[in-house]
Amino acid sequence: MAVNRINTKISTQVLNFQPGGSPASFDVTVVNESNQFASLQIEIIAAGGGESLGSNWYKITPSVSAKNPPGDSTKFEVTITNTPVAGFIGKMNLIVRIFSLELGDEDRQILRLIVEAGVGAVAMQVELITREFTPQPQGLIEIPVRVFNPSQIPASVSLKPIGLQPQWFINGDERLLEVSPGAKKETSFLCQLPSLEAVPSQAYPFTIEATYSHGVPSRSREGIINVNPAGSIDFRCTLEKQQIPASRPWLPQLRVNSTTYQLECQNHSNLSKKVSIEVKEGEEGQPKSFWQVEPEFVELHPGENNNLQLLVSKRRQWFGLKQKLSYKVKVIVPDQRVNVKYINQDLQLIIHPILHPWLQMSVGVLLLFLLWFLSWLNPNNPFFGHRRSVTFVQFNGVGDHAVSSSQDQSIIRWKIAGFTNPFVNQDDGRMAKNIGKSVRVVRYKPVDNDVVAAGLENGEIQIWDVLGGTKKPKVTFSNDKADRVLGLEFSQDSHYLFSGHGSGLVLQWDVDSALLDDHQSLTKNDSCKDVKFLVDCKDVNFPIYSLTLAGNDKQNLVIGGRYNNLAIWNFSQNKLWKVPYNPPGSQNDYIVSVDSTEYKPSLLATADNMGQITLWNMQQCLSKNNGQCQVIDKWSDGHGGKAVRSVALSRDGCYLASGGDDNRVMLWPLTQAGRRISPVGQVIRKEKQRFNSIDVKVVKNKILIISGNDDHKVRLDIRDLNKNVGCKQ
């Protein structure tokens, strides 16, 4: 005889239930009669119940008991919430099944359920037979819907899809169904998707909403339409072959160095795409160029068109033939679900030189002419020369070179042949540049012409090597850095250098000892400062503007300066005396230039800022050490009454050159006695700014005149000696 290990007790044997009213409930008490722990469960089986409601018509609390020890009990509460059979009214048996998986045993109890007529409508059940659809654009979709009426009365149901475009539905977007009690009914909606541009590839959620009669709340079910990607991206360049410049390549269009390719992108798909391009050079070894894509990418929505611009830049050559470049352009679309048409494009670019070949030949001829022209006209050549006013110029002894100084703090050595020969450089090299102060005067060392002395605005005297090309002076003399140097003159044997200063001091320097640096010269005059290589000094008590040596023994230094003072210092005898000058000057009057000759050492030329040029015979006043100097010739109209800044005598004393504030350079042939042959001088040059310094040299059958003025230029003028004969009786 079997032993029951589960003992069940139901709280009632008969239970009434009215659909639409309050739920009905009963208790089930279960005792574990076994000798082990066991969990217990129950289920309710309705006689004649179908699958329409399943187990949704009741609920059990708890659904499963915990493992109970032997003899322990569990109380389950069963609540009836709906009729087990749709539309049923009457009596039916319910089977209460109690079981335990651990015990492998079960117990069944019978309960009589009396279903009364309902007091209200029961909510319908709506079911989407297919909930997810994956069509193509323009595809046809059938959405099937099933409705179940669990109530005891007939129901009228209205079905309507919500969330989709009404125009997508072929036979309308609403269905009306009559459903009998406990019956099911099916219908469907036929949906036609639009074209690619109107239906992007994405998820379209929708809801089938059911509305009932009898005041029952509506019910709904959700579905989704996932539209598949379709269509393509079209990519093309509207103009694959271009050139720089785009038109009239025979014109020298200097600033045209780029062109733009229009890359058109058309989205004929139902996807939004981010489109970019990749550019590569078409051939290896082709000239490098710069390219840039603007914008970096474009966002294309379905049906949209947009352009990317490929900007290609290449510096054009001035000369040569046209260049042919090529590029491979590829469209980049990260999403590979759609096709890309014309994914690769081959672009060609022709780059013309700035000068068309026939212009190149013309320009080449013109450039050769300009180079030749500029080499002849040194004053207009912007590539060499001074940058500020030229302060002093001087030929070397043989006349094949010259030296100049400037306010731009530089000293330049010039090749005379370069002024006449286009294949010879005029600029023979900057002996000095950026030396700290303006250079007021420069002088070649006589005899060898191997060094140049330079007097600076700050009082320094620098000795520069002519041929060495050094960046620093060989020797620097300095007595007072506040005492600017306005005049320089070497002794005849080049042993000494005399410097004239704005303070009125004339200083004698031992150049040979300084260049050898073998000893320190001893100062002869106790009144001079103890300065290295300073031999002697003399204070003439007026600012000095120019120095020159005169006399047969070249022991007399002629000094010109402020107040129209003209003085002579015999440095061998240490005697100083003044020469009367007519007219005598005020503080605004200056003798600005003095010069003598080598072959006629008694001939002296002076010039002042009132425009007067004077020729002197110095023989008597030099021999007697007095001021009785003979005036040979004198004139003030040579430069229109304006200041004469510089005078220079040729070595033989046959020619005088002058330059001044009237912006002219003049040449005066002289007689054997030192007078002008003609009262009217020859105009050698006229410019727009004043001339500060000139020098004259007779070389073979030519008269060379070099000049420097405020327009920064050094110029050479040449005259035929046979047409300008000087030293006539």
# chains A, B, ... in the order shown; residues from 1 in each chain; ligands from 1

$ select_by_dssp --residues "region 46-289 of chain A" --states "strand (DSSP E)" --output "ChimeraX atom specification"
/A:46,58-61,73-80,90-100,105-115,125-128,132-133,140-148,155-162,175-179,184-192,203-212,219-226,231-237,241-244,258-269,273-281

$ write_last_selection --atoms "C-alpha atoms" --output "short mmCIF file (atom, residue, chain, number, x, y, z; two decimals), in the first residue's frame"
data_model
loop_
_atom_site.label_atom_id
_atom_site.label_comp_id
_atom_site.auth_asym_id
_atom_site.auth_seq_id
_atom_site.Cartn_x
_atom_site.Cartn_y
_atom_site.Cartn_z
CA ALA A 46 -9.53 23.83 -16.00
CA TYR A 58 -5.14 32.85 -12.30
CA LYS A 59 -2.14 33.60 -10.10
CA ILE A 60 -0.55 31.71 -7.17
CA THR A 61 1.25 33.17 -4.16
CA SER A 73 3.35 22.95 5.87
CA THR A 74 3.02 25.69 3.18
CA LYS A 75 -0.04 27.78 2.49
CA PHE A 76 -0.68 28.83 -1.13
CA GLU A 77 -3.25 31.48 -2.13
CA VAL A 78 -4.89 31.01 -5.54
CA THR A 79 -6.70 34.00 -7.13
CA ILE A 80 -9.02 33.62 -10.16
CA GLY A 90 -21.81 27.77 -15.98
CA LYS A 91 -20.06 25.18 -13.81
CA MET A 92 -16.74 23.53 -14.42
CA ASN A 93 -14.27 21.47 -12.43
CA LEU A 94 -10.84 22.78 -11.59
CA ILE A 95 -8.05 20.30 -10.82
CA VAL A 96 -5.58 21.53 -8.22
CA ARG A 97 -2.34 19.64 -8.86
CA ILE A 98 0.24 19.67 -6.03
CA PHE A 99 3.71 18.24 -6.74
CA SER A 100 7.32 18.18 -5.53
CA ASP A 105 5.22 12.71 -5.90
CA GLU A 106 2.01 14.68 -6.51
CA ASP A 107 -1.54 15.08 -5.16
CA ARG A 108 -4.70 16.23 -6.99
CA GLN A 109 -7.78 17.90 -5.56
CA ILE A 110 -11.10 18.85 -7.29
CA LEU A 111 -12.71 22.28 -6.95
CA ARG A 112 -16.10 23.25 -8.45
CA LEU A 113 -15.97 26.71 -10.18
CA ILE A 114 -19.24 28.45 -10.93
CA VAL A 115 -18.77 31.12 -13.69
CA GLN A 125 -6.05 40.52 -27.06
CA VAL A 126 -4.11 41.91 -30.06
CA GLU A 127 -1.27 39.99 -31.63
CA LEU A 128 1.21 40.89 -34.41
CA GLU A 132 9.82 42.70 -37.67
CA PHE A 133 10.13 43.45 -41.38
CA LEU A 140 5.68 45.67 -50.60
CA ILE A 141 4.99 44.65 -46.97
CA GLU A 142 1.99 42.74 -45.55
CA ILE A 143 1.48 43.29 -41.82
CA PRO A 144 -0.79 40.47 -40.43
CA VAL A 145 -2.79 41.15 -37.18
CA ARG A 146 -4.77 38.65 -35.02
CA VAL A 147 -7.50 39.66 -32.51
CA PHE A 148 -8.92 37.38 -29.76
CA ALA A 155 -17.03 42.93 -29.71
CA SER A 156 -16.45 45.48 -32.45
CA VAL A 157 -12.70 46.20 -32.83
CA SER A 158 -11.06 49.06 -34.78
CA LEU A 159 -7.39 48.44 -35.78
CA LYS A 160 -5.09 51.30 -36.86
CA PRO A 161 -1.27 51.41 -37.37
CA ILE A 162 0.38 54.35 -35.62
CA ARG A 175 -9.58 47.89 -40.24
CA LEU A 176 -12.95 47.23 -38.48
CA LEU A 177 -13.55 43.67 -37.16
CA GLU A 178 -16.56 41.99 -35.50
CA VAL A 179 -15.30 39.25 -33.12
CA LYS A 184 -10.20 34.85 -33.03
CA LYS A 185 -10.04 36.91 -36.21
CA GLU A 186 -7.17 37.88 -38.52
CA THR A 187 -6.63 40.77 -40.95
CA SER A 188 -3.61 42.52 -42.61
CA PHE A 189 -2.35 45.92 -43.77
CA LEU A 190 -0.67 46.16 -47.19
CA CYS A 191 2.20 48.72 -47.16
CA GLN A 192 4.09 50.05 -50.22
CA ALA A 203 14.31 51.55 -38.16
CA TYR A 204 10.68 52.66 -38.37
CA PRO A 205 8.85 51.53 -35.21
CA PHE A 206 5.06 51.32 -35.37
CA THR A 207 2.14 50.30 -33.16
CA ILE A 208 -1.08 48.47 -34.05
CA GLU A 209 -3.66 50.09 -31.84
CA ALA A 210 -7.00 48.26 -31.14
CA THR A 211 -10.02 50.28 -30.01
CA TYR A 212 -13.09 48.39 -28.68
CA ARG A 219 -4.84 47.69 -26.51
CA SER A 220 -1.77 47.88 -28.78
CA ARG A 221 1.16 45.87 -30.06
CA GLU A 222 4.54 47.20 -31.34
CA GLY A 223 6.35 46.24 -34.50
CA ILE A 224 9.30 47.59 -36.50
CA ILE A 225 10.24 48.04 -40.16
CA ASN A 226 14.02 48.00 -40.79
CA GLY A 231 21.14 52.69 -54.10
CA SER A 232 24.60 54.13 -54.85
CA ILE A 233 26.95 57.12 -54.46
CA ASP A 234 27.97 58.78 -57.73
CA PHE A 235 31.38 60.51 -57.75
CA ARG A 236 32.86 62.38 -60.67
CA CYS A 237 35.04 65.37 -61.53
CA LYS A 241 41.94 68.22 -67.34
CA GLN A 242 43.04 71.66 -66.19
CA GLN A 243 45.97 74.00 -66.60
CA ILE A 244 47.72 76.80 -64.71
CA SER A 258 46.82 77.18 -58.36
CA THR A 259 43.69 75.62 -59.80
CA THR A 260 40.59 74.00 -58.35
CA TYR A 261 38.93 70.73 -59.33
CA GLN A 262 35.22 70.41 -58.58
CA LEU A 263 34.50 66.89 -57.30
CA GLU A 264 30.75 66.25 -57.40
CA CYS A 265 29.15 63.73 -55.02
CA GLN A 266 25.54 62.60 -55.57
CA ASN A 267 23.77 60.42 -53.00
CA HIS A 268 21.37 58.13 -54.86
CA SER A 269 20.97 55.86 -51.84
CA LYS A 273 26.97 59.25 -45.91
CA LYS A 274 30.13 61.05 -44.81
CA VAL A 275 32.21 61.31 -47.98
CA SER A 276 35.91 62.28 -48.23
CA ILE A 277 38.60 61.83 -50.88
CA GLU A 278 42.14 60.50 -51.01
CA VAL A 279 44.68 62.08 -53.38
CA LYS A 280 47.87 60.48 -54.70
CA GLU A 281 50.41 61.56 -57.29
#

$ closest_atom_pairs --of "region 684-707 of chain A" --to "region 643-663 of chain A" --cutoff "6 Å" --atoms "only C-alpha atoms" --output "CSV"
residue,atom,partner,partner_atom,distance
A:Lys686,CA,A:Asn663,CA,5.6
A:Glu687,CA,A:Asn663,CA,5.4
A:Gln689,CA,A:Asn663,CA,5.2
A:Arg690,CA,A:Asn663,CA,4.1
A:Phe691,CA,A:Gly660,CA,5.0
A:Asn692,CA,A:Arg645,CA,5.4
A:Ser693,CA,A:Ser646,CA,5.1
A:Asp695,CA,A:Ala648,CA,5.3
A:Val696,CA,A:Ser650,CA,5.6
A:Lys697,CA,A:Ser650,CA,5.6

$ atom_distance --atom1 "CA of Val485 (chain A)" --atom2 "CA of Lys529 (chain A)"
16.8 Å

$ select_by_dssp --residues "region 419-603 of chain A" --states "alpha helix (DSSP H)" --output "list in words"
Val511, Asp512, Ser513, Ala514, Leu515 and Leu516 of chain A

$ write_last_selection --atoms "N, CA, C and O atoms" --output "JSON list (two decimals), in the first residue's frame"
[["chain", "number", "residue", "atom", "x", "y", "z"],
["A", 511, "VAL", "N", 102.57, 105.56, -38.10],
["A", 511, "VAL", "CA", 101.86, 104.45, -38.74],
["A", 511, "VAL", "C", 102.78, 103.24, -38.88],
["A", 511, "VAL", "O", 102.37, 102.10, -38.62],
["A", 512, "ASP", "N", 104.05, 103.47, -39.30],
["A", 512, "ASP", "CA", 104.95, 102.33, -39.50],
["A", 512, "ASP", "C", 105.14, 101.54, -38.22],
["A", 512, "ASP", "O", 105.10, 100.30, -38.21],
["A", 513, "SER", "N", 105.33, 102.23, -37.10],
["A", 513, "SER", "CA", 105.52, 101.53, -35.83],
["A", 513, "SER", "C", 104.25, 100.80, -35.43],
["A", 513, "SER", "O", 104.29, 99.70, -34.88],
["A", 514, "ALA", "N", 103.10, 101.41, -35.72],
["A", 514, "ALA", "CA", 101.84, 100.77, -35.35],
["A", 514, "ALA", "C", 101.62, 99.50, -36.16],
["A", 514, "ALA", "O", 101.15, 98.48, -35.63],
["A", 515, "LEU", "N", 101.96, 99.53, -37.47],
["A", 515, "LEU", "CA", 101.77, 98.34, -38.30],
["A", 515, "LEU", "C", 102.73, 97.23, -37.90],
["A", 515, "LEU", "O", 102.39, 96.05, -37.93],
["A", 516, "LEU", "N", 103.96, 97.61, -37.52],
["A", 516, "LEU", "CA", 104.93, 96.61, -37.07],
["A", 516, "LEU", "C", 104.71, 96.26, -35.61],
["A", 516, "LEU", "O", 105.06, 95.15, -35.17]]

$ residues_around --residues "Ser636 (chain A)" --least-positions-apart "5" --cutoff "7 Å" --atoms "only C-alpha atoms" --output "list in words"
Gly611, Gln612, Ile613 and Gly641 of chain A

$ write_last_selection --atoms "all heavy atoms" --output "PDB file, in the first residue's frame"
ATOM      1  N   GLY A 611      81.207 129.156 -51.878  1.00  0.00           N
ATOM      2  CA  GLY A 611      81.305 128.911 -53.307  1.00  0.00           C
ATOM      3  C   GLY A 611      82.577 129.402 -53.953  1.00  0.00           C
ATOM      4  O   GLY A 611      82.718 129.349 -55.179  1.00  0.00           O
ATOM      5  N   GLN A 612      83.568 129.864 -53.146  1.00  0.00           N
ATOM      6  CA  GLN A 612      84.796 130.418 -53.722  1.00  0.00           C
ATOM      7  C   GLN A 612      85.853 129.342 -53.864  1.00  0.00           C
ATOM      8  O   GLN A 612      86.086 128.548 -52.955  1.00  0.00           O
ATOM      9  CB  GLN A 612      85.322 131.554 -52.837  1.00  0.00           C
ATOM     10  CG  GLN A 612      86.633 132.158 -53.344  1.00  0.00           C
ATOM     11  CD  GLN A 612      87.054 133.347 -52.520  1.00  0.00           C
ATOM     12  OE1 GLN A 612      86.409 134.396 -52.581  1.00  0.00           O
ATOM     13  NE2 GLN A 612      88.126 133.191 -51.752  1.00  0.00           N
ATOM     14  N   ILE A 613      86.481 129.297 -55.047  1.00  0.00           N
ATOM     15  CA  ILE A 613      87.629 128.429 -55.317  1.00  0.00           C
ATOM     16  C   ILE A 613      88.842 129.345 -55.512  1.00  0.00           C
ATOM     17  O   ILE A 613      88.779 130.324 -56.277  1.00  0.00           O
ATOM     18  CB  ILE A 613      87.404 127.559 -56.566  1.00  0.00           C
ATOM     19  CG1 ILE A 613      86.165 126.669 -56.383  1.00  0.00           C
ATOM     20  CG2 ILE A 613      88.636 126.704 -56.851  1.00  0.00           C
ATOM     21  CD1 ILE A 613      85.794 125.887 -57.626  1.00  0.00           C
ATOM     22  N   GLY A 641      77.494 130.173 -56.939  1.00  0.00           N
ATOM     23  CA  GLY A 641      77.516 130.802 -55.637  1.00  0.00           C
ATOM     24  C   GLY A 641      77.184 129.870 -54.490  1.00  0.00           C
ATOM     25  O   GLY A 641      77.117 130.316 -53.339  1.00  0.00           O
TER      26      GLY A 641
END

$ residues_around --residues "Gln152 (chain A)" --least-positions-apart "3" --cutoff "12 Å" --atoms "only C-alpha atoms" --output "count of residues only"
30

$ closest_residue --among "A:Trp668, A:Tyr563, A:Trp250, A:Ile411" --to "Ile354 (chain A)" --atoms "only C-alpha atoms"
A:Trp250

$ residues_around --residues "Ile463 (chain A)" --least-positions-apart "3" --cutoff "7 Å" --atoms "only C-alpha atoms" --output "list of chain:residue names"
A:Val451, A:Val452, A:Ala453, A:Ala454, A:Pro473, A:Lys474, A:Val475, A:Thr476

$ closest_residue --among "A:Ser707, A:Gln323, A:Gln682, A:Ser195" --to "Ser289 (chain A)" --atoms "only C-alpha atoms"
A:Gln323

$ closest_residue --among "A:Val540, A:Val30, A:Ile705, A:Val333" --to "Val683 (chain A)" --atoms "only C-alpha atoms"
A:Ile705

$ atom_distance --atom1 "CA of Asn307 (chain A)" --atom2 "CA of Val199 (chain A)"
23.3 Å

$ residues_around --residues "Ser201 (chain A)" --least-positions-apart "2" --cutoff "7 Å" --atoms "only C-alpha atoms" --output "list in words"
Val199, Val227, Asn228, Pro229, Asn270 and Leu271 of chain A

$ residues_around --residues "Pro679 (chain A)" --least-positions-apart "2" --cutoff "10 Å" --atoms "only C-alpha atoms" --output "JSON, numbers by chain"
{"A": [635, 637, 638, 668, 669, 675, 676, 677, 681, 682]}

$ write_last_selection --atoms "N, CA and C atoms" --output "mmCIF file, in the first residue's frame"
data_model
loop_
_atom_site.group_PDB
_atom_site.id
_atom_site.type_symbol
_atom_site.label_atom_id
_atom_site.label_comp_id
_atom_site.auth_asym_id
_atom_site.auth_seq_id
_atom_site.Cartn_x
_atom_site.Cartn_y
_atom_site.Cartn_z
ATOM 1 N N TRP A 635 87.678 132.546 -58.041
ATOM 2 C CA TRP A 635 86.352 132.766 -58.638
ATOM 3 C C TRP A 635 85.265 132.172 -57.729
ATOM 4 N N ASP A 637 81.797 131.971 -59.032
ATOM 5 C CA ASP A 637 80.627 131.653 -59.845
ATOM 6 C C ASP A 637 80.691 130.266 -60.481
ATOM 7 N N GLY A 638 81.680 129.507 -60.105
ATOM 8 C CA GLY A 638 81.828 128.192 -60.735
ATOM 9 C C GLY A 638 80.688 127.234 -60.404
ATOM 10 N N TRP A 668 88.230 122.014 -64.573
ATOM 11 C CA TRP A 668 88.874 123.278 -64.949
ATOM 12 C C TRP A 668 90.291 122.991 -65.448
ATOM 13 N N PRO A 669 90.543 123.017 -66.765
ATOM 14 C CA PRO A 669 91.927 122.934 -67.255
ATOM 15 C C PRO A 669 92.700 124.175 -66.824
ATOM 16 N N ARG A 675 96.635 129.019 -63.610
ATOM 17 C CA ARG A 675 95.400 129.763 -63.789
ATOM 18 C C ARG A 675 94.429 128.956 -64.654
ATOM 19 N N ARG A 676 93.155 129.367 -64.602
ATOM 20 C CA ARG A 676 92.164 128.733 -65.468
ATOM 21 C C ARG A 676 92.446 129.099 -66.923
ATOM 22 N N ILE A 677 92.362 128.111 -67.789
ATOM 23 C CA ILE A 677 92.498 128.412 -69.216
ATOM 24 C C ILE A 677 91.274 129.168 -69.694
ATOM 25 N N GLY A 681 84.093 126.704 -66.691
ATOM 26 C CA GLY A 681 84.509 125.310 -66.567
ATOM 27 C C GLY A 681 83.583 124.361 -67.320
ATOM 28 N N GLN A 682 84.063 123.155 -67.472
ATOM 29 C CA GLN A 682 83.289 122.124 -68.169
ATOM 30 C C GLN A 682 82.431 121.357 -67.161
#
